[in-house]
>>> print(open('input_7.json').read())   # JSON, C-alpha atoms
[["chain", "number", "residue", "atom", "x", "y", "z"],
["J", 1, "MET", "CA", 187.99, 209.97, 52.00],
["J", 2, "ILE", "CA", 188.04, 209.36, 48.29],
["J", 3, "GLY", "CA", 190.17, 206.96, 46.30],
["J", 4, "LEU", "CA", 190.09, 207.39, 42.53],
["J", 5, "LEU", "CA", 191.43, 203.99, 41.51],
["J", 6, "GLN", "CA", 192.86, 203.24, 38.08],
["J", 7, "ARG", "CA", 194.12, 199.86, 36.87],
["J", 8, "VAL", "CA", 197.44, 200.52, 35.17],
["J", 9, "SER", "CA", 200.10, 198.73, 33.18],
["J", 10, "ARG", "CA", 202.59, 201.21, 34.61],
["J", 11, "ALA", "CA", 202.55, 204.58, 36.34],
["J", 12, "SER", "CA", 204.95, 207.10, 37.81],
["J", 13, "VAL", "CA", 204.89, 210.41, 39.62],
["J", 14, "SER", "CA", 207.56, 213.08, 39.38],
["J", 15, "VAL", "CA", 208.40, 216.21, 41.33],
["J", 16, "ASP", "CA", 210.80, 218.75, 39.80],
["J", 17, "ASP", "CA", 211.55, 216.33, 36.93],
["J", 18, "GLU", "CA", 212.62, 213.59, 39.37],
["J", 19, "ILE", "CA", 210.63, 210.37, 39.70],
["J", 20, "VAL", "CA", 209.50, 209.95, 43.31],
["J", 21, "GLY", "CA", 207.28, 206.90, 42.78],
["J", 22, "GLU", "CA", 207.00, 204.33, 40.01],
["J", 23, "ILE", "CA", 205.14, 201.04, 39.55],
["J", 24, "GLY", "CA", 204.49, 198.33, 37.02],
["J", 25, "ARG", "CA", 201.19, 196.46, 36.73],
["J", 26, "GLY", "CA", 198.85, 197.42, 39.52],
["J", 27, "LEU", "CA", 196.80, 200.35, 40.77],
["J", 28, "LEU", "CA", 197.27, 204.08, 40.72],
["J", 29, "VAL", "CA", 195.05, 205.64, 43.37],
["J", 30, "PHE", "CA", 194.52, 209.37, 43.80],
["J", 31, "VAL", "CA", 193.53, 210.06, 47.41],
["J", 32, "ALA", "CA", 191.62, 212.96, 48.97],
["J", 33, "VAL", "CA", 190.65, 213.51, 52.60],
["J", 34, "HIS", "CA", 187.44, 215.27, 53.61],
["J", 35, "ARG", "CA", 187.26, 217.52, 56.66],
["J", 36, "ASP", "CA", 184.66, 215.20, 58.26],
["J", 37, "ASP", "CA", 186.64, 211.98, 57.78],
["J", 38, "GLU", "CA", 187.38, 209.87, 60.84],
["J", 39, "PRO", "CA", 190.24, 207.42, 61.53],
["J", 40, "ARG", "CA", 187.97, 204.45, 60.73],
["J", 41, "HIS", "CA", 187.70, 205.74, 57.16],
["J", 42, "ILE", "CA", 191.44, 205.21, 56.65],
["J", 43, "GLU", "CA", 191.20, 201.48, 57.41],
["J", 44, "ARG", "CA", 188.08, 201.07, 55.31],
["J", 45, "LEU", "CA", 189.59, 202.82, 52.28],
["J", 46, "ALA", "CA", 192.79, 200.75, 52.58],
["J", 47, "GLN", "CA", 190.70, 197.56, 52.67],
["J", 48, "ARG", "CA", 188.69, 198.62, 49.64],
["J", 49, "ILE", "CA", 191.77, 199.61, 47.62],
["J", 50, "LEU", "CA", 193.57, 196.35, 48.36],
["J", 51, "THR", "CA", 190.62, 194.02, 47.80],
["J", 52, "TYR", "CA", 188.58, 195.74, 45.08],
["J", 53, "ARG", "CA", 188.32, 193.29, 42.19],
["J", 54, "VAL", "CA", 189.54, 195.04, 39.04],
["J", 55, "PHE", "CA", 191.91, 192.51, 37.46],
["J", 56, "PRO", "CA", 190.66, 189.84, 35.06],
["J", 57, "ASP", "CA", 190.48, 186.14, 35.80],
["J", 58, "SER", "CA", 191.01, 183.47, 33.12],
["J", 59, "ASN", "CA", 187.53, 184.22, 31.75],
["J", 60, "GLY", "CA", 188.17, 187.96, 31.45],
["J", 61, "ARG", "CA", 185.90, 188.85, 34.38],
["J", 62, "MET", "CA", 187.15, 191.34, 36.97],
["J", 63, "ASN", "CA", 187.53, 188.88, 39.84],
["J", 64, "HIS", "CA", 191.04, 189.59, 41.20],
["J", 65, "SER", "CA", 192.31, 192.35, 43.45],
["J", 66, "VAL", "CA", 195.75, 193.93, 43.54],
["J", 67, "LEU", "CA", 196.31, 191.91, 46.71],
["J", 68, "ASP", "CA", 195.36, 188.64, 44.96],
["J", 69, "LEU", "CA", 197.94, 189.34, 42.24],
["J", 70, "SER", "CA", 200.61, 190.86, 44.50],
["J", 71, "GLY", "CA", 200.48, 193.82, 42.14],
["J", 72, "ASP", "CA", 201.98, 197.24, 42.65],
["J", 73, "LEU", "CA", 200.29, 200.26, 44.23],
["J", 74, "LEU", "CA", 200.98, 203.95, 43.68],
["J", 75, "LEU", "CA", 199.16, 206.30, 46.09],
["J", 76, "VAL", "CA", 199.04, 209.97, 45.12],
["J", 77, "PRO", "CA", 197.53, 212.67, 47.33],
["J", 78, "GLN", "CA", 195.13, 214.82, 45.33],
["J", 79, "PHE", "CA", 193.34, 217.56, 47.25],
["J", 80, "THR", "CA", 191.22, 218.61, 44.25],
["J", 81, "LEU", "CA", 189.14, 215.42, 44.44],
["J", 82, "SER", "CA", 187.42, 216.90, 47.49],
["J", 83, "ALA", "CA", 186.11, 219.84, 45.45],
["J", 84, "ASP", "CA", 182.45, 220.76, 45.31],
["J", 85, "THR", "CA", 181.74, 221.51, 41.65],
["J", 86, "ARG", "CA", 177.95, 221.76, 41.78],
["J", 87, "LYS", "CA", 177.79, 225.54, 41.38],
["J", 88, "GLY", "CA", 179.36, 228.02, 39.02],
["J", 89, "THR", "CA", 182.63, 227.62, 37.18],
["J", 90, "ARG", "CA", 185.07, 227.60, 40.08],
["J", 91, "ALA", "CA", 185.47, 224.72, 42.52],
["J", 92, "SER", "CA", 184.91, 225.11, 46.24],
["J", 93, "PHE", "CA", 187.27, 223.27, 48.56],
["J", 94, "THR", "CA", 185.38, 223.73, 51.82],
["J", 95, "LYS", "CA", 184.85, 219.96, 52.11],
["J", 96, "GLY", "CA", 188.59, 219.28, 52.05],
["J", 97, "ALA", "CA", 190.52, 218.48, 55.22],
["J", 98, "ALA", "CA", 193.09, 220.88, 56.62],
["J", 99, "PRO", "CA", 196.58, 220.09, 55.27],
["J", 100, "GLU", "CA", 197.81, 218.66, 58.59],
["J", 101, "LYS", "CA", 194.90, 216.23, 58.86],
["J", 102, "ALA", "CA", 195.06, 215.29, 55.19],
["J", 103, "ALA", "CA", 198.80, 214.56, 55.37],
["J", 104, "ASP", "CA", 198.36, 212.48, 58.52],
["J", 105, "TYR", "CA", 195.50, 210.43, 57.04],
["J", 106, "PHE", "CA", 197.37, 209.92, 53.78],
["J", 107, "ASP", "CA", 200.49, 208.73, 55.63],
["J", 108, "ARG", "CA", 198.42, 206.35, 57.74],
["J", 109, "LEU", "CA", 196.79, 204.96, 54.59],
["J", 110, "VAL", "CA", 200.24, 204.31, 53.12],
["J", 111, "VAL", "CA", 201.34, 202.46, 56.27],
["J", 112, "LEU", "CA", 198.24, 200.23, 56.22],
["J", 113, "CYS", "CA", 198.74, 199.36, 52.56],
["J", 114, "ARG", "CA", 202.44, 198.61, 53.07],
["J", 115, "GLU", "CA", 201.53, 196.14, 55.81],
["J", 116, "ARG", "CA", 199.75, 193.96, 53.24],
["J", 117, "LEU", "CA", 201.40, 194.67, 49.89],
["J", 118, "THR", "CA", 205.07, 194.50, 48.93],
["J", 119, "THR", "CA", 205.29, 197.40, 46.47],
["J", 120, "VAL", "CA", 203.61, 200.60, 47.60],
["J", 121, "GLU", "CA", 204.98, 203.82, 46.13],
["J", 122, "THR", "CA", 203.71, 207.34, 46.75],
["J", 123, "GLY", "CA", 203.52, 210.82, 45.40],
["J", 124, "GLN", "CA", 204.61, 213.75, 47.51],
["J", 125, "PHE", "CA", 202.08, 215.55, 49.67],
["J", 126, "ALA", "CA", 201.54, 219.26, 48.82],
["J", 127, "ALA", "CA", 203.90, 219.13, 45.84],
["J", 128, "ASP", "CA", 203.35, 220.05, 42.22],
["J", 129, "MET", "CA", 203.43, 216.55, 40.72],
["J", 130, "GLN", "CA", 203.41, 215.21, 37.19],
["J", 131, "VAL", "CA", 201.71, 211.83, 36.91],
["J", 132, "SER", "CA", 202.23, 209.49, 33.96],
["J", 133, "LEU", "CA", 200.20, 206.36, 33.51],
["J", 134, "VAL", "CA", 199.00, 203.74, 31.09],
["J", 135, "ASN", "CA", 195.42, 203.04, 32.14],
["J", 136, "ASP", "CA", 194.75, 199.37, 31.46],
["J", 137, "GLY", "CA", 191.25, 198.93, 30.06],
["J", 138, "PRO", "CA", 190.63, 201.75, 30.78],
["J", 139, "VAL", "CA", 189.41, 200.79, 34.24],
["J", 140, "THR", "CA", 188.67, 203.58, 36.72],
["J", 141, "PHE", "CA", 186.58, 203.49, 39.91],
["J", 142, "TRP", "CA", 185.60, 206.12, 42.48],
["J", 143, "LEU", "CA", 185.89, 204.54, 45.95],
["J", 144, "GLU", "CA", 184.65, 205.91, 49.23],
["J", 145, "PRO", "CA", 184.91, 204.14, 52.60]]
>>> encode(input="input_7.json", output="structure tokens")
Amino acid sequence: MIGLLQRVSRASVSVDDEIVGEIGRGLLVFVAVHRDDEPRHIERLAQRILTYRVFPDSNGRMNHSVLDLSGDLLLVPQFTLSADTRKGTRASFTKGAAPEKAADYFDRLVVLCRERLTTVETGQFAADMQVSLVNDGPVTFWLEP
């Protein structure tokens, strides 16, 4: 699994010009599932997303997590993160999970995050989405379980 985490001032995701998820200060995380991922990877990625220290303390050091601040979380499925781009000029998606597995793992990740954080919004699996965000910093991290 991959979580491309971005610290945001605000973010939203729309499908067919209708907002399906929207947050204030917190994290926007694009999520991809690999074909070889196992259930234990879901829990580990959830833990990393919720506890990764990306928010500043009083000294400006990144010492607080979204959980510490009770911030917002927007999880967006993004299959293209699983692409292999090492060769040529067209991505290969052979590492990506089948849609059924990816949807199941994404949904389970959402459930785990909602157990610990009040505001967890999502994009829509397998939809053409438009994502708007204000990246705060900018701060972006690539997380793997």
>>> residues_around(input="input_7.json", residues="Gln130 in chain J", least_positions_apart="5", cutoff="9 Å", atoms="all atoms listed in the file", output="number ranges by chain")
J: 12-17
>>> atom_distance(input="input_7.json", atom1="CA of Arg7 in chain J", atom2="CA of Leu69 in chain J")
12.4 Å
>>> closest_residue(input="input_7.json", among="J:Gly3, J:Gly96, J:Gly88, J:Pro56", to="Trp142 in chain J", atoms="all atoms listed in the file")
J:Gly3
>>> closest_residue(input="input_7.json", among="J:Asp107, J:Asp84, J:Glu22, J:Asp136", to="Val54 in chain J", atoms="all atoms listed in the file")
J:Asp136
>>> residues_around(input="input_7.json", residues="Val66 in chain J", least_positions_apart="4", cutoff="8 Å", atoms="only C-alpha atoms", output="PyMOL selection string")
chain J and resi 26-27+50-55+70-73
>>> atom_distance(input="input_7.json", atom1="CA of Gln6 in chain J", atom2="CA of Arg40 in chain J")
23.2 Å
>>> closest_residue(input="input_7.json", among="J:Gln78, J:Thr140, J:Ser9, J:Ser132", to="Phe93 in chain J", atoms="all atoms listed in the file")
J:Gln78
>>> closest_residue(input="input_7.json", among="J:Ala103, J:Glu144, J:Pro138, J:Val20", to="Glu121 in chain J", atoms="all atoms listed in the file")
J:Val20
